[in-house]
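Notes follow the structure.
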Amino acid sequence: MPDDDLPETFHVTTEEQLRAVSNLTRHRIIAALRFEPATITQIAERVGLAKGSSSYHVRLLERAGLVKVVRTRKVRGVIERYYAMAARTIELPDPGAGQPDVLMRHAVADLEAAPADGERHVQLAHLRLTDEQFAELGSRLQALADEYRALSDPSLPDASLVFALFHPASREQAEGDAE
């Protein structure tokens, strides 16, 4: 399936879809499919799973509509299926108050699992911005991510970009939640 035929965004709207993407293994399978289709065997190798586990997780993603079979071929009498993402990006609903942000938890898990001796750029900056500055920074970060996504070359090693621009809970809110 040519990349041009993919819808831009898949909106996660059901509990089944949310459960499917909330699992770290399935998140990593989706990441493995972000640039090119792969078979169960290829997915298992890329993610470091047994074929049976890979097959189980891909079936759940397929049932939720997040991945789909894009081509098949016969190999020694067996039908081999190639899976790909159902859209270029997956958009999750905003978590409710006090709910975990699944994307950020997966990103932190991926960061922690990344080779310690590899190059990385991690920074936390506390800012004080007007509403206009806040909105502008969010737009600029999104535009920068979009610009580099367009430059992505599947033959190059993966790199992940994660950003979160938010207003933290006030000290009173944080203390109230801790009680």
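Quick note on naming: the chains in the structure tokens go A, B, ... in the order shown, residues restart at 1 in each chain, and ligands are numbered from 1 in order of appearance.
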
Contacts of segment 44-94 of chain A with segment 104-116 of chain A up to 12 Å, shortest pair per row, only C-alpha atoms, as JSON lines:
```
{"residue": "A:Val47", "atom": "CA", "partner": "A:Asp110", "partner_atom": "CA", "distance": 11.7}
{"residue": "A:Leu92", "atom": "CA", "partner": "A:Met104", "partner_atom": "CA", "distance": 11.4}
{"residue": "A:Asp94", "atom": "CA", "partner": "A:Met104", "partner_atom": "CA", "distance": 11.7}
```

Atoms to include: all heavy atoms. Write the selected residues as a PDB file, in the first residue's frame.
```pdb
ATOM      1  N   VAL A  47      11.025  -5.974  17.633  1.00  0.00           N
ATOM      2  CA  VAL A  47      10.578  -5.606  18.974  1.00  0.00           C
ATOM      3  C   VAL A  47      11.212  -6.497  20.047  1.00  0.00           C
ATOM      4  O   VAL A  47      11.198  -6.149  21.222  1.00  0.00           O
ATOM      5  CB  VAL A  47       9.031  -5.636  19.035  1.00  0.00           C
ATOM      6  CG1 VAL A  47       8.510  -5.270  20.398  1.00  0.00           C
ATOM      7  CG2 VAL A  47       8.438  -4.708  17.991  1.00  0.00           C
ATOM      8  N   LEU A  92      -4.598  10.095  20.435  1.00  0.00           N
ATOM      9  CA  LEU A  92      -5.261   9.590  21.629  1.00  0.00           C
ATOM     10  C   LEU A  92      -6.139  10.680  22.231  1.00  0.00           C
ATOM     11  O   LEU A  92      -5.822  11.868  22.104  1.00  0.00           O
ATOM     12  CB  LEU A  92      -4.221   9.169  22.669  1.00  0.00           C
ATOM     13  CG  LEU A  92      -3.268   8.062  22.270  1.00  0.00           C
ATOM     14  CD1 LEU A  92      -2.256   7.810  23.377  1.00  0.00           C
ATOM     15  CD2 LEU A  92      -4.019   6.789  21.958  1.00  0.00           C
ATOM     16  N   ASP A  94      -7.463  13.095  25.155  1.00  0.00           N
ATOM     17  CA  ASP A  94      -6.771  13.671  26.309  1.00  0.00           C
ATOM     18  C   ASP A  94      -7.174  12.888  27.554  1.00  0.00           C
ATOM     19  O   ASP A  94      -8.352  12.555  27.729  1.00  0.00           O
ATOM     20  CB  ASP A  94      -7.148  15.141  26.489  1.00  0.00           C
ATOM     21  CG  ASP A  94      -6.518  16.025  25.427  1.00  0.00           C
ATOM     22  OD1 ASP A  94      -5.422  15.674  24.937  1.00  0.00           O
ATOM     23  OD2 ASP A  94      -7.114  17.060  25.090  1.00  0.00           O
TER      24      ASP A  94
END
```

With segment 6-10 of chain A as the partner and 10 Å as the cut-off, tabulate the residues of segment 19-137 of chain A that qualify, each row holding the nearest pair of atoms and their distance in Å to one decimal, using only C-alpha atoms, sorted by chain and rising number, as JSON lines.
```
{"residue": "A:Gly65", "atom": "CA", "partner": "A:Phe10", "partner_atom": "CA", "distance": 8.9}
{"residue": "A:Leu66", "atom": "CA", "partner": "A:Phe10", "partner_atom": "CA", "distance": 7.5}
{"residue": "A:Ala84", "atom": "CA", "partner": "A:Leu6", "partner_atom": "CA", "distance": 9.8}
{"residue": "A:Met85", "atom": "CA", "partner": "A:Leu6", "partner_atom": "CA", "distance": 8.4}
{"residue": "A:Ala86", "atom": "CA", "partner": "A:Leu6", "partner_atom": "CA", "distance": 6.8}
{"residue": "A:Ala87", "atom": "CA", "partner": "A:Pro7", "partner_atom": "CA", "distance": 4.8}
{"residue": "A:Arg88", "atom": "CA", "partner": "A:Glu8", "partner_atom": "CA", "distance": 5.1}
{"residue": "A:Thr89", "atom": "CA", "partner": "A:Thr9", "partner_atom": "CA", "distance": 4.8}
{"residue": "A:Ile90", "atom": "CA", "partner": "A:Phe10", "partner_atom": "CA", "distance": 4.7}
{"residue": "A:Glu91", "atom": "CA", "partner": "A:Phe10", "partner_atom": "CA", "distance": 6.0}
{"residue": "A:Leu92", "atom": "CA", "partner": "A:Phe10", "partner_atom": "CA", "distance": 8.7}
```

Atoms to include: C-alpha atoms. Write the selected residues as a PDB file, in the first residue's frame.
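Now in again22.pdb:
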```pdb
ATOM      1  CA  GLY A  65      -8.342  -1.085  13.658  1.00  0.00           C
ATOM      2  CA  LEU A  66      -4.898   0.375  14.425  1.00  0.00           C
ATOM      3  CA  ALA A  84       1.137  -1.626   8.444  1.00  0.00           C
ATOM      4  CA  MET A  85      -0.293   1.205  10.480  1.00  0.00           C
ATOM      5  CA  ALA A  86      -3.860   2.156   9.579  1.00  0.00           C
ATOM      6  CA  ALA A  87      -2.881   5.870   9.444  1.00  0.00           C
ATOM      7  CA  ARG A  88       0.233   8.037   9.516  1.00  0.00           C
ATOM      8  CA  THR A  89      -0.445   9.126  13.099  1.00  0.00           C
ATOM      9  CA  ILE A  90      -2.586   7.928  15.965  1.00  0.00           C
ATOM     10  CA  GLU A  91      -4.328  10.529  18.090  1.00  0.00           C
ATOM     11  CA  LEU A  92      -5.261   9.590  21.629  1.00  0.00           C
TER      12      LEU A  92
END
```

Coordinates-based distance that separates atom CA of Glu119 of chain A from atom CA of Leu141 of chain A (Å, one decimal):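 Rounded to one decimal, the two atoms are 20.9 Å apart.
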
Please identify which residues in segment 8-178 of chain A DSSP calls strand (DSSP E) from the backbone, and express them as a PyMOL selection string. chain A and resi 9-11+67-75+78-85+89-91

Produce a table with one row for each residue of segment 121-175 of chain A that has an atom at most 10 Å from any atom of segment 29-41 of chain A, each row naming the nearest atom pair and its distance in Å at one decimal; use only C-alpha atoms; arrange rows by chain and rising residue number; format as JSON lines.
```
{"residue": "A:Ser152", "atom": "CA", "partner": "A:Phe35", "partner_atom": "CA", "distance": 8.7}
{"residue": "A:Asp153", "atom": "CA", "partner": "A:Phe35", "partner_atom": "CA", "distance": 8.2}
{"residue": "A:Pro154", "atom": "CA", "partner": "A:Phe35", "partner_atom": "CA", "distance": 5.6}
{"residue": "A:Ser155", "atom": "CA", "partner": "A:Phe35", "partner_atom": "CA", "distance": 9.2}
{"residue": "A:Asp158", "atom": "CA", "partner": "A:Ala31", "partner_atom": "CA", "distance": 9.2}
{"residue": "A:Ser160", "atom": "CA", "partner": "A:Ala31", "partner_atom": "CA", "distance": 9.7}
```

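When atom CA of Ala44 of chain A is paired with atom CA of Val67 of chain A, their separation reads 15.2 Å.
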
Step one, run DSSP on the backbone; step two, keep only residues of chain A assigned to helix (DSSP H, G or I); then write them as a VMD selection string. chain A and resid 3 to 5 15 to 22 24 to 32 40 to 47 51 to 63 102 to 113 131 to 151 171 to 178
